[in-house]
Each structure stands twice: as C-alpha cells, then as structure tokens.
file model-v6.tsv (TSV, C-alpha atoms)
chain	number	residue	atom	x	y	z
A	1	MET	CA	-22.42	-49.76	-5.64
A	2	ARG	CA	-23.73	-47.35	-8.20
A	3	LYS	CA	-21.48	-46.48	-11.09
A	4	PHE	CA	-21.49	-43.09	-12.69
A	5	PRO	CA	-21.69	-42.85	-16.44
A	6	LEU	CA	-18.40	-42.20	-18.18
A	7	TYR	CA	-19.58	-38.93	-19.73
A	8	SER	CA	-19.98	-37.25	-16.30
A	9	HIS	CA	-16.24	-37.54	-15.62
A	10	ALA	CA	-15.45	-36.28	-19.09
A	11	ILE	CA	-17.47	-33.11	-18.40
A	12	LEU	CA	-16.40	-32.69	-14.79
A	13	PHE	CA	-12.63	-32.75	-15.45
A	14	PRO	CA	-12.49	-29.71	-17.79
A	15	VAL	CA	-14.89	-27.73	-15.59
A	16	VAL	CA	-12.81	-28.30	-12.45
A	17	SER	CA	-9.62	-27.59	-14.39
A	18	ILE	CA	-11.00	-24.27	-15.66
A	19	VAL	CA	-12.08	-23.24	-12.15
A	20	ILE	CA	-8.62	-24.05	-10.78
A	21	ILE	CA	-6.91	-22.14	-13.60
A	22	VAL	CA	-9.17	-19.08	-13.07
A	23	PHE	CA	-8.40	-19.03	-9.33
A	24	PHE	CA	-4.67	-19.46	-10.01
A	25	ILE	CA	-4.64	-16.57	-12.50
A	26	ALA	CA	-6.65	-14.37	-10.11
A	27	GLN	CA	-4.13	-15.09	-7.35
A	28	LEU	CA	-1.22	-14.18	-9.63
A	29	VAL	CA	-2.92	-10.93	-10.65
A	30	ALA	CA	-3.50	-10.07	-6.97
A	31	ILE	CA	0.18	-10.66	-6.20
A	32	ILE	CA	1.57	-8.73	-9.18
A	33	LEU	CA	-0.84	-5.83	-9.67
A	34	PRO	CA	-2.20	-3.33	-7.16
A	35	VAL	CA	-5.75	-4.58	-6.64
A	36	PRO	CA	-8.29	-3.41	-4.06
A	37	PHE	CA	-8.63	-5.36	-0.82
A	38	TYR	CA	-12.09	-6.62	-1.71
A	39	TYR	CA	-10.70	-9.19	-4.13
A	40	TRP	CA	-10.92	-11.82	-1.45
A	41	PRO	CA	-9.76	-14.63	-1.35
A	42	PHE	CA	-6.96	-13.58	-3.64
A	43	LEU	CA	-5.46	-10.80	-1.59
A	44	ASP	CA	-6.70	-10.55	2.00
A	45	TYR	CA	-4.93	-13.19	4.09
A	46	PRO	CA	-5.31	-12.46	7.80
A	47	MET	CA	-3.54	-15.72	8.60
A	48	TYR	CA	-0.32	-14.16	7.29
A	49	SER	CA	-0.64	-11.07	9.45
A	50	LYS	CA	1.88	-10.40	12.18
A	51	THR	CA	0.84	-11.36	15.67
A	52	ARG	CA	0.62	-8.53	18.14
A	53	ALA	CA	1.05	-8.33	21.89
A	54	GLU	CA	-1.56	-6.54	23.96
A	55	ASN	CA	-1.00	-2.75	24.11
A	56	GLU	CA	1.60	-2.92	21.35
A	57	LEU	CA	1.64	0.01	18.94
A	58	VAL	CA	0.56	-0.98	15.46
A	59	ASN	CA	2.23	1.32	13.00
A	60	GLU	CA	1.12	-0.07	9.64
A	61	ASN	CA	-0.20	3.06	7.96
A	62	LEU	CA	2.59	5.27	6.69
A	63	GLU	CA	1.47	8.56	5.19
A	64	LEU	CA	2.86	11.39	3.13
A	65	VAL	CA	1.58	14.85	3.99
A	66	GLY	CA	2.25	17.81	1.72
A	67	VAL	CA	3.08	21.03	3.57
A	68	THR	CA	2.75	24.43	1.89
A	69	SER	CA	4.79	27.53	2.69
A	70	ASP	CA	1.92	28.96	4.77
A	71	GLY	CA	1.68	25.80	6.87
A	72	GLN	CA	-1.37	24.21	5.24
A	73	GLU	CA	-1.27	20.44	5.01
A	74	ARG	CA	-2.83	17.81	2.78
A	75	ARG	CA	-2.47	14.04	2.86
A	76	ILE	CA	-1.06	12.57	-0.34
A	77	THR	CA	-2.44	9.15	-1.20
A	78	ARG	CA	-0.64	6.33	-2.93
A	79	GLN	CA	-3.38	6.40	-5.56
A	80	GLU	CA	-2.43	9.96	-6.52
A	81	LEU	CA	1.07	8.69	-7.16
A	82	GLY	CA	-0.14	5.60	-9.01
A	83	LEU	CA	1.52	3.19	-6.58
A	84	SER	CA	0.48	-0.07	-4.99
A	85	PHE	CA	0.41	-0.39	-1.20
A	86	PHE	CA	3.73	-2.26	-1.20
A	87	LYS	CA	5.55	0.03	-3.61
A	88	PHE	CA	4.34	3.06	-1.64
A	89	ASN	CA	5.25	1.71	1.82
A	90	ASP	CA	8.25	-0.49	1.04
A	91	TRP	CA	9.83	1.38	-1.85
A	92	LEU	CA	8.95	5.09	-2.13
A	93	ILE	CA	8.75	6.09	1.53
A	94	PRO	CA	12.13	4.52	2.49
A	95	ARG	CA	13.77	6.24	-0.49
A	96	LEU	CA	12.25	9.61	0.38
A	97	ARG	CA	13.32	9.12	3.99
A	98	ASP	CA	16.84	7.70	3.52
A	99	ASN	CA	18.06	8.04	-0.07
A	100	GLN	CA	16.74	11.23	-1.65
A	101	SER	CA	19.50	11.18	-4.26
A	102	ASP	CA	18.07	7.99	-5.83
A	103	PRO	CA	17.15	9.01	-9.41
A	104	SER	CA	14.32	6.45	-9.53
A	105	ILE	CA	12.19	8.62	-7.21
A	106	GLN	CA	12.43	11.67	-9.48
A	107	PRO	CA	9.17	10.92	-11.41
A	108	TYR	CA	7.28	10.72	-8.11
A	109	VAL	CA	8.85	13.94	-6.86
A	110	GLU	CA	7.64	15.60	-10.07
A	111	ILE	CA	4.12	14.30	-9.40
A	112	LEU	CA	4.37	15.70	-5.87
A	113	ARG	CA	5.36	19.08	-7.32
A	114	VAL	CA	2.40	19.03	-9.74
A	115	ILE	CA	-0.15	18.10	-7.06
A	116	ASP	CA	-1.70	21.34	-5.79
A	117	HIS	CA	0.15	23.27	-8.52
A	118	GLY	CA	3.55	23.28	-6.86
A	119	ALA	CA	2.31	24.63	-3.54
A	120	PHE	CA	4.04	21.93	-1.51
A	121	GLN	CA	7.34	23.06	-0.07
A	122	ALA	CA	7.94	19.90	1.93
A	123	ILE	CA	6.64	16.39	2.39
A	124	ARG	CA	6.23	14.98	5.88
A	125	ILE	CA	6.59	11.23	6.33
A	126	GLN	CA	4.47	10.14	9.26
A	127	ALA	CA	2.54	7.27	10.76
A	128	ALA	CA	-0.82	7.20	12.47
A	129	PRO	CA	-0.35	4.33	14.92
A	130	VAL	CA	-3.03	2.68	17.01
A	131	ARG	CA	-2.85	0.73	20.24
A	132	ILE	CA	-4.73	-2.56	20.42
A	133	SER	CA	-5.95	-3.77	23.80
A	134	ARG	CA	-8.74	-5.86	25.28
A	135	THR	CA	-10.87	-2.74	25.55
A	136	GLY	CA	-10.49	-1.98	21.86
A	137	ILE	CA	-8.44	0.16	19.51
A	138	SER	CA	-7.25	3.57	20.66
A	139	ASP	CA	-5.50	6.29	18.69
A	140	VAL	CA	-1.98	7.36	19.55
A	141	PRO	CA	-0.40	10.71	18.58
A	142	ILE	CA	1.01	10.85	15.07
A	143	GLN	CA	4.68	9.89	14.77
A	144	ILE	CA	6.72	12.05	12.39
A	145	PHE	CA	9.67	10.24	10.82
A	146	LYS	CA	11.08	12.94	8.59
A	147	VAL	CA	10.25	16.20	6.83
A	148	VAL	CA	11.69	16.26	3.31
A	149	ASP	CA	12.26	19.61	1.60
A	150	LEU	CA	11.09	19.17	-1.99
A	151	GLN	CA	13.56	21.81	-3.18
A	152	SER	CA	16.43	19.59	-2.01
A	153	ILE	CA	15.42	16.71	-4.28
A	154	GLY	CA	16.52	16.88	-7.89
A	155	GLY	CA	17.52	20.50	-7.88
A	156	GLY	CA	14.18	22.00	-6.95
A	157	GLY	CA	11.11	22.83	-9.03

call {"tool": "encode", "arguments": {"input": "model-v6.tsv", "output": "structure tokens"}}
result
Amino acid sequence: MRKFPLYSHAILFPVVSIVIIVFFIAQLVAIILPVPFYYWPFLDYPMYSKTRAENELVNENLELVGVTSDGQERRITRQELGLSFFKFNDWLIPRLRDNQSDPSIQPYVEILRVIDHGAFQAIRIQAAPVRISRTGISDVPIQIFKVVDLQSIGGGG
C-alpha cells in the first residue's frame, strides 16, 4: 500500500475547508438576499418544487398591473419596487389584496405613485396561469384577483 506524504494532507485540509466555507456562504447569501436564478446551485432547487397533477393550473406568477385613468395598462415588476421574489409574492401582494391599511406598504404605494409620474389610478393584482399536460404547456386566460384604487391607500396622492 502506498502512503501519501504528510504534507499533502496538510495542504488538502485547508483547501477543502475553504471550498466548503465559500459554498456555505454563497448558500446563505442566496437565501437571505434577492439573487438572480442563475446562481445555481445556491438558489434553483427543482427537487423542492411542488408536484403537479396533469392538467392542473399552475398559478405561480403573480403580477401587478398599473391602470391609468384612460385605461392604459403597464406591468409593474418587482425589480421596480426593489423587492425579492418572495417579498413581492408572499408579502406585498397579500397586503395590497387583503390589508391595505397596513402602514408598512406605504413606501411601496409611494413608489407606485411615482412610477409613470402618478398616472396610475389603480393597481390590478392578477395571475397568468398555465396548464401543464403531456402535450406541453398551454396558456390560460388571466385571472384577476383584485383591483386596488391607489387613492384609497394612505389618503391618496
């Protein structure tokens, strides 16, 4: 049996430790901060995705759409609001939909008022679902959850 020199283990241990620490820190950053999806393997975990039945509607993409007084519409992205995917979908949208008196949403309502120079009169909360089947992915009509009058939040602009 061949024995390795002692110095190879002395070098290998710190190198492996540094690699493990770098991966651990990268994983923590991906959990805490809003990072793009391409930071694999630190963020994109398909194995944790929900299972879906055939022909089930997948309604993962919630959207905010700004509506002006003349009926023009523009999609408002989470990036414009400076929010992560989770804070946008799991925090802001439920508060806009259900608890508009929550003072913690006021800074985001002000951002909404500033976008397009105050032209938005209302914000529509909607989803663009898809149906997954053996033949592929097909679009389904947009589902509107609520239309929120911006003037009714925080006393208007």

call {"tool": "axis_aligned_box", "arguments": {"input": "model-v6.tsv", "around": "region 74-77 of chain A", "padding_each_side": "8 Å", "output": "lines of an AutoDock Vina configuration file"}}
result
center_x = -1.9
center_y = 13.5
center_z = 0.8
size_x = 17.8
size_y = 24.7
size_z = 20.1

call {"tool": "residues_near_point", "arguments": {"input": "model-v6.tsv", "point": "(5.8, 1.9, 2.3)", "cutoff": "12 Å", "atoms": "only C-alpha atoms", "output": "PyMOL selection string"}}
result
chain A and resi 59-64+77-78+83-97+125-127

call {"tool": "atom_distance", "arguments": {"input": "model-v6.tsv", "atom1": "CA of Ile137 (chain A)", "atom2": "CA of Ile123 (chain A)"}}
result
28.0 Å

call {"tool": "closest_residue", "arguments": {"input": "model-v6.tsv", "among": "A:Val58, A:Leu12, A:Arg113, A:Ile20", "to": "Gln143 (chain A)", "atoms": "all atoms listed in the file"}}
result
A:Val58

call {"tool": "closest_residue", "arguments": {"input": "model-v6.tsv", "among": "A:Lys146, A:Ser152, A:Arg131, A:Val65", "to": "Gln106 (chain A)", "atoms": "all atoms listed in the file"}}
result
A:Ser152

call {"tool": "closest_residue", "arguments": {"input": "model-v6.tsv", "among": "A:Ser138, A:Arg75, A:Pro107, A:Glu80", "to": "Arg124 (chain A)", "atoms": "all atoms listed in the file"}}
result
A:Arg75

call {"tool": "closest_residue", "arguments": {"input": "model-v6.tsv", "among": "A:Gln27, A:Val19, A:Leu150, A:Ala53", "to": "Ser101 (chain A)", "atoms": "all atoms listed in the file"}}
result
A:Leu150

call {"tool": "build_atoms", "arguments": {"input": "model-v6.tsv", "residues": "region 136-147 of chain A", "atoms": "N, CA and C atoms", "output": "tab-separated table (two decimals), keeping the file's coordinate frame"}}
result
chain	number	residue	atom	x	y	z
A	136	GLY	N	-10.28	-2.45	23.22
A	136	GLY	CA	-10.49	-1.98	21.86
A	136	GLY	C	-9.28	-1.29	21.28
A	137	ILE	N	-9.50	-0.55	20.22
A	137	ILE	CA	-8.44	0.16	19.51
A	137	ILE	C	-8.48	1.62	19.93
A	138	SER	N	-7.32	2.16	20.29
A	138	SER	CA	-7.25	3.57	20.66
A	138	SER	C	-6.18	4.26	19.83
A	139	ASP	N	-6.45	5.51	19.48
A	139	ASP	CA	-5.50	6.29	18.69
A	139	ASP	C	-4.34	6.74	19.55
A	140	VAL	N	-3.21	6.89	18.91
A	140	VAL	CA	-1.98	7.36	19.55
A	140	VAL	C	-1.53	8.58	18.75
A	141	PRO	N	-0.86	9.54	19.36
A	141	PRO	CA	-0.40	10.71	18.58
A	141	PRO	C	0.43	10.31	17.36
A	142	ILE	N	0.30	11.10	16.32
A	142	ILE	CA	1.01	10.85	15.07
A	142	ILE	C	2.52	10.88	15.32
A	143	GLN	N	3.22	9.95	14.68
A	143	GLN	CA	4.68	9.89	14.77
A	143	GLN	C	5.27	10.44	13.47
A	144	ILE	N	6.08	11.47	13.57
A	144	ILE	CA	6.72	12.05	12.39
A	144	ILE	C	8.11	11.44	12.25
A	145	PHE	N	8.37	10.86	11.06
A	145	PHE	CA	9.67	10.24	10.82
A	145	PHE	C	10.65	11.21	10.20
A	146	LYS	N	10.16	12.01	9.26
A	146	LYS	CA	11.08	12.94	8.59
A	146	LYS	C	10.26	13.97	7.81
A	147	VAL	N	10.81	15.17	7.70
A	147	VAL	CA	10.25	16.20	6.83
A	147	VAL	C	11.26	16.40	5.71
